>>> print(open('start-v4.tsv').read())   # TSV, C-alpha atoms
chain	number	residue	atom	x	y	z
A	1	MET	CA	-7.32	-9.44	21.78
A	2	ASP	CA	-6.02	-11.09	18.62
A	3	SER	CA	-8.27	-14.05	17.77
A	4	GLY	CA	-5.94	-15.39	15.10
A	5	ARG	CA	-8.44	-14.77	12.31
A	6	MET	CA	-7.29	-13.20	9.06
A	7	SER	CA	-9.60	-10.24	9.68
A	8	ASP	CA	-7.28	-9.30	12.55
A	9	ARG	CA	-4.39	-8.49	10.23
A	10	ALA	CA	-3.70	-4.77	9.94
A	11	PRO	CA	-3.22	-2.94	6.62
A	12	GLY	CA	0.39	-3.23	5.53
A	13	ALA	CA	1.19	-5.74	8.29
A	14	ALA	CA	3.52	-7.90	6.20
A	15	VAL	CA	5.32	-4.90	4.71
A	16	MET	CA	5.68	-3.26	8.12
A	17	ALA	CA	7.20	-6.49	9.41
A	18	GLN	CA	9.77	-6.38	6.60
A	19	VAL	CA	10.59	-2.76	7.47
A	20	VAL	CA	11.16	-3.76	11.08
A	21	ARG	CA	13.38	-6.70	10.09
A	22	LEU	CA	15.53	-4.60	7.77
A	23	HIS	CA	15.73	-1.73	10.23
A	24	ASP	CA	16.85	-4.02	13.05
A	25	ALA	CA	19.55	-5.53	10.81
A	26	ALA	CA	20.94	-2.16	9.69
A	27	PRO	CA	23.66	-0.35	11.67
A	28	PRO	CA	22.29	2.49	13.83
A	29	ARG	CA	22.94	6.11	12.95
A	30	THR	CA	25.90	7.82	14.51
A	31	PRO	CA	25.26	10.80	16.82
A	32	PHE	CA	26.62	13.06	14.07
A	33	ALA	CA	24.16	11.61	11.54
A	34	ARG	CA	21.31	12.13	14.00
A	35	ALA	CA	22.37	15.74	14.50
A	36	LEU	CA	22.30	16.32	10.73
A	37	GLY	CA	18.89	14.71	10.36
A	38	VAL	CA	20.08	11.79	8.23
A	39	THR	CA	17.18	9.39	7.68
A	40	PRO	CA	17.25	6.32	9.93
A	41	LEU	CA	16.22	4.14	6.97
A	42	ALA	CA	18.78	2.17	5.00
A	43	ASP	CA	18.47	2.44	1.22
A	44	GLU	CA	16.98	-1.04	0.89
A	45	THR	CA	14.40	-0.25	3.59
A	46	ILE	CA	12.99	2.89	1.98
A	47	PRO	CA	10.86	1.17	-0.74
A	48	TRP	CA	9.31	-1.11	1.88
A	49	PHE	CA	8.63	1.85	4.18
A	50	VAL	CA	6.95	3.79	1.36
A	51	GLY	CA	4.93	0.70	0.43
A	52	ALA	CA	3.73	0.28	4.02
A	53	LEU	CA	2.54	3.89	4.11
A	54	GLY	CA	0.59	3.32	0.89
A	55	GLU	CA	-1.09	0.16	2.16
A	56	ARG	CA	-2.05	1.84	5.42
A	57	GLU	CA	-3.57	4.76	3.51
A	58	ILE	CA	-5.67	2.42	1.38
A	59	GLY	CA	-6.59	0.40	4.47
A	60	ALA	CA	-7.88	3.55	6.17
A	61	ARG	CA	-9.96	4.40	3.12
A	62	LEU	CA	-11.42	0.89	2.86
A	63	ALA	CA	-12.48	1.11	6.51
A	64	ARG	CA	-15.08	3.66	5.33
A	65	LEU	CA	-16.98	1.11	3.23
A	66	PRO	CA	-20.61	0.77	4.34
A	67	ASP	CA	-22.26	-2.22	5.98
A	68	GLY	CA	-22.38	-5.27	3.74
A	69	TRP	CA	-18.70	-5.05	2.82
A	70	ARG	CA	-15.85	-6.97	4.43
A	71	VAL	CA	-12.18	-6.05	4.16
A	72	PHE	CA	-9.04	-8.14	4.72
A	73	HIS	CA	-5.39	-7.11	4.59
A	74	ALA	CA	-1.94	-8.68	4.16
A	75	LEU	CA	-3.15	-12.19	3.29
A	76	PRO	CA	-0.14	-14.53	2.85
A	77	VAL	CA	-0.16	-16.40	-0.46
A	78	GLY	CA	2.18	-18.55	-2.52
A	79	SER	CA	5.67	-19.07	-1.20
A	80	GLY	CA	8.20	-16.76	0.37
A	81	ASP	CA	6.88	-13.44	1.65
A	82	ALA	CA	4.18	-12.79	-0.97
A	83	ASP	CA	0.86	-11.42	0.24
A	84	LEU	CA	-2.37	-9.86	-1.03
A	85	ASP	CA	-2.39	-6.22	0.01
A	86	HIS	CA	-6.18	-6.07	0.41
A	87	LEU	CA	-9.15	-8.30	-0.37
A	88	VAL	CA	-12.63	-6.77	-0.34
A	89	VAL	CA	-15.90	-8.72	-0.41
A	90	GLY	CA	-19.27	-7.10	-0.97
A	91	PRO	CA	-22.40	-6.88	-3.10
A	92	ALA	CA	-20.30	-5.98	-6.17
A	93	GLY	CA	-18.17	-9.13	-5.84
A	94	VAL	CA	-14.65	-9.91	-4.69
A	95	PHE	CA	-11.84	-7.41	-5.31
A	96	VAL	CA	-8.16	-8.21	-4.94
A	97	ILE	CA	-6.46	-4.84	-4.50
A	98	ASP	CA	-2.78	-4.23	-5.09
A	99	THR	CA	-1.58	-0.91	-3.66
A	100	THR	CA	1.16	0.94	-5.48
A	101	HIS	CA	2.58	4.09	-3.87
A	102	HIS	CA	4.16	6.59	-6.28
A	103	ARG	CA	4.29	9.96	-4.56
A	104	GLY	CA	4.53	12.78	-7.08
A	105	ALA	CA	4.99	10.43	-10.04
A	106	ARG	CA	3.38	10.35	-13.47
A	107	VAL	CA	1.62	7.02	-14.05
A	108	TRP	CA	0.63	5.91	-17.55
A	109	VAL	CA	-1.59	2.87	-18.18
A	110	ALA	CA	-2.22	0.97	-21.39
A	111	GLN	CA	-4.07	-2.27	-22.09
A	112	ARG	CA	-1.13	-4.49	-21.15
A	113	SER	CA	1.38	-2.24	-19.44
A	114	MET	CA	1.85	0.36	-16.74
A	115	ARG	CA	4.65	2.91	-16.57
A	116	VAL	CA	5.78	5.07	-13.67
A	117	ASN	CA	7.84	8.08	-14.74
A	118	GLY	CA	8.58	6.22	-17.96
A	119	ALA	CA	9.73	2.97	-16.31
A	120	THR	CA	7.72	-0.23	-16.69
A	121	ALA	CA	6.01	-1.35	-13.49
A	122	PRO	CA	4.79	-4.93	-12.85
A	123	SER	CA	1.59	-3.88	-11.08
A	124	LEU	CA	-0.89	-5.07	-13.74
A	125	ARG	CA	0.70	-8.50	-14.00
A	126	ASN	CA	0.96	-8.89	-10.23
A	127	ALA	CA	-2.64	-7.86	-9.62
A	128	ASP	CA	-3.90	-10.23	-12.31
A	129	LEU	CA	-1.91	-13.11	-10.81
A	130	GLU	CA	-3.22	-12.40	-7.32
A	131	ALA	CA	-6.81	-12.33	-8.56
A	132	SER	CA	-6.25	-15.66	-10.33
A	133	ARG	CA	-5.08	-17.19	-7.06
A	134	VAL	CA	-8.25	-16.05	-5.32
A	135	ARG	CA	-10.41	-17.41	-8.14
A	136	GLY	CA	-8.68	-20.74	-7.65
A	137	LEU	CA	-9.38	-20.70	-3.91
A	138	LEU	CA	-13.07	-19.97	-4.50
A	139	ALA	CA	-13.37	-22.64	-7.19
A	140	THR	CA	-11.77	-25.24	-4.93
A	141	ALA	CA	-14.23	-24.33	-2.18
A	142	GLY	CA	-17.16	-24.50	-4.61
A	143	ILE	CA	-18.03	-20.80	-4.19
A	144	GLN	CA	-19.27	-18.84	-7.16
A	145	ALA	CA	-18.46	-15.14	-6.99
A	146	PRO	CA	-16.82	-12.79	-9.51
A	147	VAL	CA	-13.26	-11.78	-8.71
A	148	ARG	CA	-11.72	-8.58	-10.05
A	149	ALA	CA	-8.12	-7.36	-9.84
A	150	VAL	CA	-7.60	-3.72	-8.90
A	151	VAL	CA	-4.48	-1.56	-8.74
A	152	ALA	CA	-4.93	1.32	-6.30
A	153	VAL	CA	-2.52	4.15	-7.12
A	154	VAL	CA	-1.51	6.29	-4.15
A	155	GLY	CA	0.09	9.73	-4.34
A	156	ALA	CA	0.63	10.01	-8.09
A	157	LYS	CA	0.83	13.50	-9.55
A	158	GLU	CA	-0.83	12.25	-12.70
A	159	LEU	CA	-2.68	9.05	-13.61
A	160	ARG	CA	-3.31	8.78	-17.33
A	161	ILE	CA	-5.22	5.75	-18.59
A	162	ARG	CA	-4.65	5.60	-22.32
A	163	GLN	CA	-6.32	2.19	-22.68
A	164	ARG	CA	-8.17	0.33	-19.94
A	165	PRO	CA	-6.62	-3.09	-19.19
A	166	ARG	CA	-9.00	-5.96	-19.85
A	167	SER	CA	-8.54	-7.86	-16.60
A	168	VAL	CA	-7.37	-5.18	-14.15
A	169	ASP	CA	-8.94	-1.92	-13.04
A	170	VAL	CA	-6.61	0.97	-12.16
A	171	VAL	CA	-8.09	3.45	-9.69
A	172	ARG	CA	-6.74	6.41	-7.75
A	173	GLY	CA	-6.60	5.56	-4.05
A	174	GLU	CA	-8.73	8.53	-3.05
A	175	GLU	CA	-11.47	7.38	-5.44
A	176	LEU	CA	-11.41	3.68	-4.51
A	177	VAL	CA	-14.30	3.53	-2.03
A	178	HIS	CA	-16.56	5.57	-4.31
A	179	TRP	CA	-15.58	3.35	-7.24
A	180	LEU	CA	-16.37	0.17	-5.31
A	181	THR	CA	-19.72	1.31	-3.99
A	182	ARG	CA	-20.87	2.54	-7.41
A	183	ARG	CA	-20.40	-0.85	-9.04
A	184	PRO	CA	-23.56	-2.91	-9.64
A	185	ALA	CA	-24.57	-5.61	-7.16
A	186	VAL	CA	-23.78	-9.04	-8.58
A	187	THR	CA	-23.30	-11.16	-5.44
A	188	ASP	CA	-26.00	-12.17	-2.96
A	189	ALA	CA	-25.59	-12.12	0.81
A	190	ALA	CA	-25.09	-15.89	1.01
A	191	ALA	CA	-22.13	-15.78	-1.38
A	192	VAL	CA	-20.62	-12.79	0.46
A	193	ASP	CA	-20.87	-14.72	3.73
A	194	ALA	CA	-19.32	-17.85	2.17
A	195	VAL	CA	-16.38	-15.90	0.75
A	196	THR	CA	-15.92	-14.07	4.06
A	197	ARG	CA	-15.78	-17.31	6.05
A	198	LEU	CA	-13.27	-18.83	3.62
A	199	VAL	CA	-11.00	-15.76	3.60
A	200	ASP	CA	-11.15	-15.32	7.36
A	201	GLU	CA	-10.01	-18.90	8.00
A	202	PRO	CA	-6.23	-19.03	8.63
A	203	GLY	CA	-6.04	-22.48	7.06
A	204	THR	CA	-6.98	-21.01	3.69
A	205	TRP	CA	-3.64	-19.22	3.48
A	206	ARG	CA	0.06	-19.92	3.76
A	207	THR	CA	1.19	-20.15	7.35
A	208	ALA	CA	2.78	-16.83	8.26
A	209	GLY	CA	4.79	-15.79	11.27
A	210	GLN	CA	3.22	-13.93	14.16
A	211	LEU	CA	3.20	-10.16	13.73
A	212	VAL	CA	3.59	-9.32	17.40
A	213	ASP	CA	4.09	-5.61	18.15
A	214	VAL	CA	4.88	-4.91	14.49
A	215	ALA	CA	2.54	-1.90	14.29
A	216	ASP	CA	4.04	-0.37	17.43
A	217	ARG	CA	7.60	-0.91	16.26
A	218	PHE	CA	6.81	0.49	12.83
A	219	ALA	CA	5.24	3.54	14.49
A	220	ARG	CA	8.50	4.17	16.36
A	221	ILE	CA	10.46	3.95	13.12
A	222	GLU	CA	7.98	6.29	11.46
A	223	SER	CA	8.46	8.73	14.34
A	224	GLU	CA	12.24	8.60	13.86
A	225	VAL	CA	11.81	9.31	10.15
A	226	GLY	CA	9.58	12.28	10.92
A	227	SER	CA	12.01	13.66	13.50
A	228	ALA	CA	14.91	13.39	11.05
A	229	ARG	CA	12.84	15.24	8.45
A	230	LEU	CA	12.21	18.07	10.92
A	231	VAL	CA	15.92	18.29	11.73
A	232	ARG	CA	16.77	18.58	8.04
A	233	ALA	CA	14.12	21.25	7.62
A	234	GLY	CA	15.64	23.15	10.55
A	235	TRP	CA	19.08	23.01	8.97
A	236	ALA	CA	17.63	24.23	5.67
A	237	VAL	CA	16.03	27.22	7.41
A	238	ALA	CA	19.26	27.98	9.27
A	239	ALA	CA	21.23	27.85	6.02
A	240	GLY	CA	18.76	30.18	4.36
A	241	LEU	CA	18.99	32.68	7.21
A	242	ALA	CA	22.77	32.51	7.16
A	243	LEU	CA	22.81	33.18	3.43
A	244	PHE	CA	20.43	36.11	3.87
A	245	ALA	CA	22.61	37.58	6.63
A	246	ALA	CA	25.69	37.20	4.44
A	247	VAL	CA	24.24	39.09	1.48
A	248	LEU	CA	22.29	41.69	3.46
A	249	PRO	CA	25.23	44.13	3.78
A	250	PHE	CA	25.52	44.19	-0.02
A	251	VAL	CA	21.85	44.94	-0.68
A	252	PRO	CA	21.44	48.53	-1.94
A	253	ARG	CA	19.47	50.77	0.43
>>> encode(input="start-v4.tsv", output="structure tokens")
Amino acid sequence: MDSGRMSDRAPGAAVMAQVVRLHDAAPPRTPFARALGVTPLADETIPWFVGALGEREIGARLARLPDGWRVFHALPVGSGDADLDHLVVGPAGVFVIDTTHHRGARVWVAQRSMRVNGATAPSLRNADLEASRVRGLLATAGIQAPVRAVVAVVGAKELRIRQRPRSVDVVRGEELVHWLTRRPAVTDAAAVDAVTRLVDEPGTWRTAGQLVDVADRFARIESEVGSARLVRAGWAVAAGLALFAAVLPFVPR
């Protein structure tokens, strides 16, 4: 049962909630569109849907961290709908992790910039800002613990780090847990416990709406997306077979 603590929030909870809101507001597909396998997602919903998948993937990986580490997700900060994708506390310190999902893309990182398929992405700046907010929270609470910003890159075809940014680490999602656990211990158990209590307290963060049934509703949308993909694949196979049948009589024997 949900206790109302921040540790109860699921990976990608805030983004999944946005997907649900946008999906509910969009007109439903027509029967013809369903028959053709048209995606149920409106154009403006797709980036949020992809982002939610990335955050859930990173959340599943972070769940593999050993004892002594604590993980939080979708922590509401600032104003509007902003949130911290993931916050990890352990012997190596505090890590504010921003997930960026770029399936099949080429990601290039320099000291002050990050590009995805040649286009500038704000991930470094956003991660640095989020880490600064957490440093401020710890300072206000009188807790001393190092805070590091991390960008976790999910699904990229290539991640090339030309120059390492000074204040942000960029790590492939599949390497994140190994990277975290290989870092030197710099925080004692008392500090880890103090940070954990502060982060887990709802009053530390901006008041956010209840996320009732969001995961279940997102799962239904995800199922619809998967079904539409299968329908499109079926049509592609049918078209290929039809083309083969059309040219077969002209194939020399």
>>> residues_around(input="start-v4.tsv", residues="segment 84-89 of chain A", least_positions_apart="6", cutoff="9 Å", atoms="all atoms listed in the file", output="number ranges by chain")
A: 11-12, 14, 55, 58-59, 62, 68-77, 95-99, 127, 130, 192-193, 195-196, 199
>>> closest_residue(input="start-v4.tsv", among="A:Ser7, A:Thr204, A:Ala228, A:Asp43", to="Gly136 of chain A", atoms="all atoms listed in the file")
A:Thr204
>>> closest_residue(input="start-v4.tsv", among="A:Pro165, A:Pro28, A:Pro66, A:Gly93", to="Ala194 of chain A", atoms="all atoms listed in the file")
A:Gly93
>>> residues_around(input="start-v4.tsv", residues="Thr45 of chain A", least_positions_apart="3", cutoff="7 Å", atoms="all atoms listed in the file", output="tab-separated table (two decimals) with C-alpha atoms, in the coordinates of the input")
chain	number	residue	atom	x	y	z
A	19	VAL	CA	10.59	-2.76	7.47
A	22	LEU	CA	15.53	-4.60	7.77
A	23	HIS	CA	15.73	-1.73	10.23
A	41	LEU	CA	16.22	4.14	6.97
A	42	ALA	CA	18.78	2.17	5.00
A	48	TRP	CA	9.31	-1.11	1.88
A	49	PHE	CA	8.63	1.85	4.18
>>> residues_around(input="start-v4.tsv", residues="Gln163 of chain A", least_positions_apart="5", cutoff="12 Å", atoms="all atoms listed in the file", output="PyMOL selection string")
chain A and resi 108-114+168-170
>>> atom_distance(input="start-v4.tsv", atom1="atom CA of Val251 of chain A", atom2="atom CA of Arg232 of chain A")
28.2 Å
>>> atom_distance(input="start-v4.tsv", atom1="atom CA of Val154 of chain A", atom2="atom CA of His178 of chain A")
15.1 Å
>>> residues_around(input="start-v4.tsv", residues="Arg133 of chain A", least_positions_apart="5", cutoff="9 Å", atoms="all atoms listed in the file", output="PyMOL selection string")
chain A and resi 77-78+128+138
>>> closest_residue(input="start-v4.tsv", among="A:Arg56, A:Gly4, A:Pro40, A:Val171", to="Pro27 of chain A", atoms="only C-alpha atoms")
A:Pro40
>>> decode(input="start-v4.tsv", residues="segment 115-150 of chain A", atoms="N, CA and C atoms", output="PDB file, in the first residue's frame")
ATOM      1  N   ARG A 115      25.416  16.828 -28.323  1.00  0.00           N
ATOM      2  CA  ARG A 115      24.673  16.822 -29.573  1.00  0.00           C
ATOM      3  C   ARG A 115      24.119  15.430 -29.846  1.00  0.00           C
ATOM      4  N   VAL A 116      22.892  15.414 -30.358  1.00  0.00           N
ATOM      5  CA  VAL A 116      22.234  14.165 -30.728  1.00  0.00           C
ATOM      6  C   VAL A 116      21.916  14.242 -32.213  1.00  0.00           C
ATOM      7  N   ASN A 117      22.561  13.387 -32.987  1.00  0.00           N
ATOM      8  CA  ASN A 117      22.437  13.429 -34.448  1.00  0.00           C
ATOM      9  C   ASN A 117      22.682  14.839 -34.994  1.00  0.00           C
ATOM     10  N   GLY A 118      23.653  15.511 -34.396  1.00  0.00           N
ATOM     11  CA  GLY A 118      24.054  16.833 -34.855  1.00  0.00           C
ATOM     12  C   GLY A 118      23.304  17.990 -34.239  1.00  0.00           C
ATOM     13  N   ALA A 119      22.199  17.721 -33.538  1.00  0.00           N
ATOM     14  CA  ALA A 119      21.399  18.792 -32.931  1.00  0.00           C
ATOM     15  C   ALA A 119      21.772  18.958 -31.461  1.00  0.00           C
ATOM     16  N   THR A 120      21.884  20.202 -31.019  1.00  0.00           N
ATOM     17  CA  THR A 120      22.237  20.472 -29.628  1.00  0.00           C
ATOM     18  C   THR A 120      21.141  20.007 -28.685  1.00  0.00           C
ATOM     19  N   ALA A 121      21.527  19.303 -27.637  1.00  0.00           N
ATOM     20  CA  ALA A 121      20.590  18.832 -26.615  1.00  0.00           C
ATOM     21  C   ALA A 121      20.898  19.535 -25.291  1.00  0.00           C
ATOM     22  N   PRO A 122      19.865  19.820 -24.480  1.00  0.00           N
ATOM     23  CA  PRO A 122      20.082  20.570 -23.234  1.00  0.00           C
ATOM     24  C   PRO A 122      20.431  19.698 -22.045  1.00  0.00           C
ATOM     25  N   SER A 123      20.759  18.439 -22.259  1.00  0.00           N
ATOM     26  CA  SER A 123      20.898  17.483 -21.155  1.00  0.00           C
ATOM     27  C   SER A 123      21.962  17.885 -20.140  1.00  0.00           C
ATOM     28  N   LEU A 124      23.119  18.366 -20.590  1.00  0.00           N
ATOM     29  CA  LEU A 124      24.178  18.736 -19.651  1.00  0.00           C
ATOM     30  C   LEU A 124      23.734  19.873 -18.748  1.00  0.00           C
ATOM     31  N   ARG A 125      23.149  20.896 -19.352  1.00  0.00           N
ATOM     32  CA  ARG A 125      22.691  22.044 -18.570  1.00  0.00           C
ATOM     33  C   ARG A 125      21.605  21.629 -17.580  1.00  0.00           C
ATOM     34  N   ASN A 126      20.653  20.825 -18.038  1.00  0.00           N
ATOM     35  CA  ASN A 126      19.562  20.403 -17.165  1.00  0.00           C
ATOM     36  C   ASN A 126      20.074  19.580 -15.993  1.00  0.00           C
ATOM     37  N   ALA A 127      20.981  18.639 -16.274  1.00  0.00           N
ATOM     38  CA  ALA A 127      21.508  17.792 -15.205  1.00  0.00           C
ATOM     39  C   ALA A 127      22.280  18.617 -14.179  1.00  0.00           C
ATOM     40  N   ASP A 128      23.050  19.578 -14.659  1.00  0.00           N
ATOM     41  CA  ASP A 128      23.821  20.433 -13.751  1.00  0.00           C
ATOM     42  C   ASP A 128      22.899  21.263 -12.863  1.00  0.00           C
ATOM     43  N   LEU A 129      21.822  21.793 -13.452  1.00  0.00           N
ATOM     44  CA  LEU A 129      20.851  22.567 -12.686  1.00  0.00           C
ATOM     45  C   LEU A 129      20.173  21.710 -11.624  1.00  0.00           C
ATOM     46  N   GLU A 130      19.803  20.496 -11.990  1.00  0.00           N
ATOM     47  CA  GLU A 130      19.130  19.610 -11.046  1.00  0.00           C
ATOM     48  C   GLU A 130      20.053  19.242  -9.876  1.00  0.00           C
ATOM     49  N   ALA A 131      21.326  18.999 -10.188  1.00  0.00           N
ATOM     50  CA  ALA A 131      22.275  18.696  -9.116  1.00  0.00           C
ATOM     51  C   ALA A 131      22.456  19.897  -8.190  1.00  0.00           C
ATOM     52  N   SER A 132      22.456  21.100  -8.761  1.00  0.00           N
ATOM     53  CA  SER A 132      22.578  22.314  -7.940  1.00  0.00           C
ATOM     54  C   SER A 132      21.406  22.446  -6.981  1.00  0.00           C
ATOM     55  N   ARG A 133      20.220  22.106  -7.446  1.00  0.00           N
ATOM     56  CA  ARG A 133      19.045  22.157  -6.574  1.00  0.00           C
ATOM     57  C   ARG A 133      19.197  21.204  -5.391  1.00  0.00           C
ATOM     58  N   VAL A 134      19.708  20.010  -5.657  1.00  0.00           N
ATOM     59  CA  VAL A 134      19.883  19.037  -4.580  1.00  0.00           C
ATOM     60  C   VAL A 134      20.969  19.502  -3.613  1.00  0.00           C
ATOM     61  N   ARG A 135      22.031  20.092  -4.137  1.00  0.00           N
ATOM     62  CA  ARG A 135      23.064  20.641  -3.238  1.00  0.00           C
ATOM     63  C   ARG A 135      22.463  21.694  -2.310  1.00  0.00           C
ATOM     64  N   GLY A 136      21.581  22.514  -2.863  1.00  0.00           N
ATOM     65  CA  GLY A 136      20.932  23.527  -2.045  1.00  0.00           C
ATOM     66  C   GLY A 136      20.074  22.922  -0.948  1.00  0.00           C
ATOM     67  N   LEU A 137      19.335  21.856  -1.284  1.00  0.00           N
ATOM     68  CA  LEU A 137      18.501  21.175  -0.291  1.00  0.00           C
ATOM     69  C   LEU A 137      19.360  20.609   0.839  1.00  0.00           C
ATOM     70  N   LEU A 138      20.480  19.981   0.486  1.00  0.00           N
ATOM     71  CA  LEU A 138      21.350  19.397   1.502  1.00  0.00           C
ATOM     72  C   LEU A 138      21.982  20.485   2.366  1.00  0.00           C
ATOM     73  N   ALA A 139      22.401  21.574   1.735  1.00  0.00           N
ATOM     74  CA  ALA A 139      23.022  22.662   2.495  1.00  0.00           C
ATOM     75  C   ALA A 139      22.028  23.267   3.487  1.00  0.00           C
ATOM     76  N   THR A 140      20.801  23.454   3.034  1.00  0.00           N
ATOM     77  CA  THR A 140      19.770  24.016   3.917  1.00  0.00           C
ATOM     78  C   THR A 140      19.512  23.099   5.109  1.00  0.00           C
ATOM     79  N   ALA A 141      19.587  21.792   4.873  1.00  0.00           N
ATOM     80  CA  ALA A 141      19.354  20.822   5.940  1.00  0.00           C
ATOM     81  C   ALA A 141      20.600  20.562   6.774  1.00  0.00           C
ATOM     82  N   GLY A 142      21.725  21.190   6.411  1.00  0.00           N
ATOM     83  CA  GLY A 142      22.959  21.008   7.162  1.00  0.00           C
ATOM     84  C   GLY A 142      23.613  19.650   6.949  1.00  0.00           C
ATOM     85  N   ILE A 143      23.384  19.043   5.781  1.00  0.00           N
ATOM     86  CA  ILE A 143      23.950  17.726   5.476  1.00  0.00           C
ATOM     87  C   ILE A 143      25.111  17.897   4.508  1.00  0.00           C
ATOM     88  N   GLN A 144      26.235  17.311   4.853  1.00  0.00           N
ATOM     89  CA  GLN A 144      27.401  17.379   3.985  1.00  0.00           C
ATOM     90  C   GLN A 144      27.566  16.060   3.237  1.00  0.00           C
ATOM     91  N   ALA A 145      27.387  16.125   1.927  1.00  0.00           N
ATOM     92  CA  ALA A 145      27.565  14.945   1.079  1.00  0.00           C
ATOM     93  C   ALA A 145      27.790  15.435  -0.346  1.00  0.00           C
ATOM     94  N   PRO A 146      28.732  14.860  -1.060  1.00  0.00           N
ATOM     95  CA  PRO A 146      28.992  15.290  -2.434  1.00  0.00           C
ATOM     96  C   PRO A 146      27.840  14.922  -3.360  1.00  0.00           C
ATOM     97  N   VAL A 147      27.520  15.853  -4.246  1.00  0.00           N
ATOM     98  CA  VAL A 147      26.431  15.638  -5.199  1.00  0.00           C
ATOM     99  C   VAL A 147      27.003  15.715  -6.610  1.00  0.00           C
ATOM    100  N   ARG A 148      26.685  14.738  -7.430  1.00  0.00           N
ATOM    101  CA  ARG A 148      27.203  14.697  -8.794  1.00  0.00           C
ATOM    102  C   ARG A 148      26.052  14.550  -9.778  1.00  0.00           C
ATOM    103  N   ALA A 149      26.104  15.322 -10.867  1.00  0.00           N
ATOM    104  CA  ALA A 149      25.113  15.229 -11.934  1.00  0.00           C
ATOM    105  C   ALA A 149      25.542  14.157 -12.929  1.00  0.00           C
ATOM    106  N   VAL A 150      24.578  13.363 -13.371  1.00  0.00           N
ATOM    107  CA  VAL A 150      24.853  12.292 -14.331  1.00  0.00           C
ATOM    108  C   VAL A 150      23.789  12.321 -15.424  1.00  0.00           C
TER     109      VAL A 150
END
